[in-house]
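To start, the structure under review is shown below, and the notes come after it.
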Amino acid sequence: MDRSEAAAQAEQYYQAIEAMLLFRQVFESLAGQSFCVLLSGLIAGDIHRCLRSYSDWFQALASSGETWKTHLLRQLAYADNAFTQQAQSRDLSQLASPLVDAATQDLHQLQLICELSPAQVAHWVQAMAELLPPPIAWDVDDRQPLPFQFEGETWSEELFRLARHYRQHGVGQFAQYRAFTWQQGKLEGIAHPDPIRLDQLTAYDYPRQQLLQNTLALLKGYPALNVLLYGSRGAGKSSLVKALLTEFHDQGLRLVEVSKSRLADLPQIVDELRAAPQKFIIFVDDLSFEEDDDAFKALKVVLEGSVTARPTNVVVYATSNRRHLVREFFGERPRPRDQDEVQAWDTMQEKLSFSDRFGLTLTFEPADQPTYLQIVEHLAEQAGIALPPDELTARSLQWATRHNGRSGRSARQFIDYLTAELNLKAEDA
């Protein structure tokens with residue numbers, strides 16, 4: 001193969017990418033961009049650009065551990081464009097014919113590019129730079145699970161399966177991630193959310209059952225309430241909310257964690273979630289307010305609604321150690337001689353009743369000794385700790401006395417410490 005032949009073959013693939021009407025976004029990843037730069041370098045005969053971009057392409061694939069085909073298929077599964085946006089909410093037969101035809105044509109081109117072997121690309125670079133031997137090709141046995149795969153030999157004939165995938169799993173970042181945080185005015189996906197499961201939690205059966213029922217109502221499209229989880233520190237309030245995501249993410253549940261400092265953005269966040277087919281929990285941890293806090297007003301709008309209709313796919317779950325979320329001081333209580341505010345009692349009542357604006361308030365009482373020991377025994381069983389019951393009880397109570405008192409958090413910390421201790425002793429034996 002000579003330079004002109006390598007350039008001609010590269011140009012065919014470059015034009016195929018440029019001609020895509022919908023799925024060109026598949027090539028916006030680091031590997032995809034490097035590949036496009038490589039093709040343009042081959043077409044232009046720019047040896048230095050070819051060598052640099054081939055290195056970038058190789059490293060991007062090596063970092064992900066994916067083959068070229070797997071990488072593009074993963075990007076395709078999360079694609080967010082005019083076709084996928086409509087396909088996630090409507091049947092394929094209901095979409096405009098030009099949109100379906102464009103998607104079909106793009107899939108045909110994408111299949112050709114996916115099936116291009118890295119060895120062939122390496123030979124193009126070898127011919128252009130007159131290398132001997134050719135650069136190493138990224139050719140590995142990739143067995144990573146994919147969110148979507150074609151079953152037949154011709155991808156364009158399976159557009160209906162791809163459309164069904166978008167209908168079931170959504171598109172874009174809501175399909176790619178299950179947990180998000182709000183940072184600098186946009187949603188950021190969390191690659192590794194807390195994997196805690198419901199079966200790891202014990203005690204507090206009533207509030208857990210109430211929260212589960214409310215979440216199932218949300219998932220099934222029934223009216224769901226905003227929830228305040230109130231109680232002592234370390235009772236597992238936050239863990240319970242995060243465990244819901246582990247349990248129900250495959251049913252379309254997503255969690256958006258919003259810090260108190262970002263609560264002023266809540267109306268904007270809700271608007272971004274409104275049109276998505278997934279169901280969302282906006283999670284606010286450790287909630288409390290100072291007087292005249294702007295975040296107080298933003299959350300009040302979301303809880304009570306405004307002229308804009310409240311979306312049925314979004315609820316707010318907040319945790320707090322305070323029953324009354326807005327701090328109040330004795331000096332603020334109105335006295336007969338105070339003439340500054342005519343309706344001072346109304347102002348105070350508004351502060352005290354803010355927590356009532358949550359449709360459901362779940363209380364987590366401080367753990368008594370039997371509850372604490374129940375949690376310890378549950379966690380010890382899950383961790384495979386085989387200490388005699390009397391010794392486990394004595395050590396767990398000693399831990400609570402010397403550390404953070406009786407709570408689910410203390411129990412978890414004790415079991416983690418004990419697990420490490422027993423494993424280290426087993427290694428030394």
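Each chain of the structure tokens is named A, B, ... in the order shown, its residues numbered from 1; ligands are numbered from 1 in display order.
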
>> Applying 12 Å and only C-alpha atoms, which residues near range 139-150 of chain A remain after dropping the ones on its own chain fewer than 6 positions away? List them as JSON, numbers by chain.
In response: {"A": [58, 61, 62, 64, 65, 66, 67, 68, 69, 70, 71, 72, 73, 74, 75, 76, 77, 78, 79, 107, 111, 116, 117, 118, 119, 120, 121, 122, 156, 157, 158, 159, 160, 161, 162, 163, 164, 165, 166, 168, 169, 170, 171, 175, 176, 177, 250]}

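Here the residues within range 151-235 of chain A that DSSP labels strand (DSSP E) on the basis of the backbone are A:Ala179, A:Phe180, A:Thr181, A:Trp182, A:Gln183, A:Lys186, A:Leu187, A:Glu188, A:Gly189, A:Val227, A:Leu228, A:Leu229, A:Tyr230, A:Gly231.
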
> Skipping near chain neighbours, those fewer than 2 positions away, what residues fall within 9 Å of Asn226 in chain A using only C-alpha atoms, listed as a PyMOL selection string?
Replying inline: chain A and resi 214+224+228+303+314-318+357-361

Could you name the residues that touch Ser396 in chain A at 9 Å or less, counting only C-alpha atoms, but leaving out those on the same chain fewer than 6 positions away, as a PDB file with N, CA, C and O atoms, in the first residue's frame?
```
ATOM      1  N   TYR A 372     -29.775  -1.116  68.477  1.00  0.00           N
ATOM      2  CA  TYR A 372     -28.357  -1.055  68.105  1.00  0.00           C
ATOM      3  C   TYR A 372     -27.778  -2.459  67.955  1.00  0.00           C
ATOM      4  O   TYR A 372     -27.084  -2.761  66.971  1.00  0.00           O
ATOM      5  N   LEU A 373     -28.072  -3.345  68.909  1.00  0.00           N
ATOM      6  CA  LEU A 373     -27.545  -4.709  68.834  1.00  0.00           C
ATOM      7  C   LEU A 373     -28.141  -5.479  67.656  1.00  0.00           C
ATOM      8  O   LEU A 373     -27.464  -6.307  67.025  1.00  0.00           O
ATOM      9  N   VAL A 376     -26.136  -4.419  64.683  1.00  0.00           N
ATOM     10  CA  VAL A 376     -24.804  -5.034  64.728  1.00  0.00           C
ATOM     11  C   VAL A 376     -24.870  -6.493  64.284  1.00  0.00           C
ATOM     12  O   VAL A 376     -24.045  -6.955  63.473  1.00  0.00           O
ATOM     13  N   SER A 410     -22.583   3.990  63.859  1.00  0.00           N
ATOM     14  CA  SER A 410     -21.597   3.399  64.775  1.00  0.00           C
ATOM     15  C   SER A 410     -21.501   1.893  64.568  1.00  0.00           C
ATOM     16  O   SER A 410     -20.411   1.312  64.615  1.00  0.00           O
ATOM     17  N   ALA A 411     -22.651   1.252  64.342  1.00  0.00           N
ATOM     18  CA  ALA A 411     -22.641  -0.191  64.112  1.00  0.00           C
ATOM     19  C   ALA A 411     -21.854  -0.538  62.864  1.00  0.00           C
ATOM     20  O   ALA A 411     -21.066  -1.496  62.857  1.00  0.00           O
ATOM     21  N   PHE A 414     -18.156  -0.090  63.557  1.00  0.00           N
ATOM     22  CA  PHE A 414     -17.661  -1.183  64.398  1.00  0.00           C
ATOM     23  C   PHE A 414     -17.433  -2.450  63.586  1.00  0.00           C
ATOM     24  O   PHE A 414     -16.397  -3.106  63.711  1.00  0.00           O
ATOM     25  N   ILE A 415     -18.399  -2.791  62.722  1.00  0.00           N
ATOM     26  CA  ILE A 415     -18.269  -4.005  61.914  1.00  0.00           C
ATOM     27  C   ILE A 415     -17.110  -3.877  60.923  1.00  0.00           C
ATOM     28  O   ILE A 415     -16.357  -4.837  60.702  1.00  0.00           O
TER      29      ILE A 415
END
```

> DSSP on the backbone: what in range 186-266 of chain A comes out helix (DSSP H, G or I), as a ChimeraX atom specification?
Replying inline: /A:198-200,205-219,237-251,260-266

>> With only C-alpha atoms as the counted atoms, please give the residues lying no more than 7 Å from range 232-248 of chain A, apart from itself and same-chain residues fewer than 4 positions off, as a ChimeraX atom specification.
In response: /A:194-198,252-255,285,319,321,364-366,407-409

>> Need the shell around range 266-271 of chain A: protein/DNA/RNA residues with any atom at most 8 Å away, counting only C-alpha atoms. Skip same-chain ones fewer than 6 positions apart. Format as a list in words?
In response: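 Everything that qualifies: Ala298, Leu299, Val301, Val302, Pro311 and Val314 of chain A.
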
>> I need the residue nearest Gln105 in chain A from this list: A:Ser89, A:Gln184, A:Ser40, A:Thr154. Use only C-alpha atoms for the distance.
In response: A:Thr154
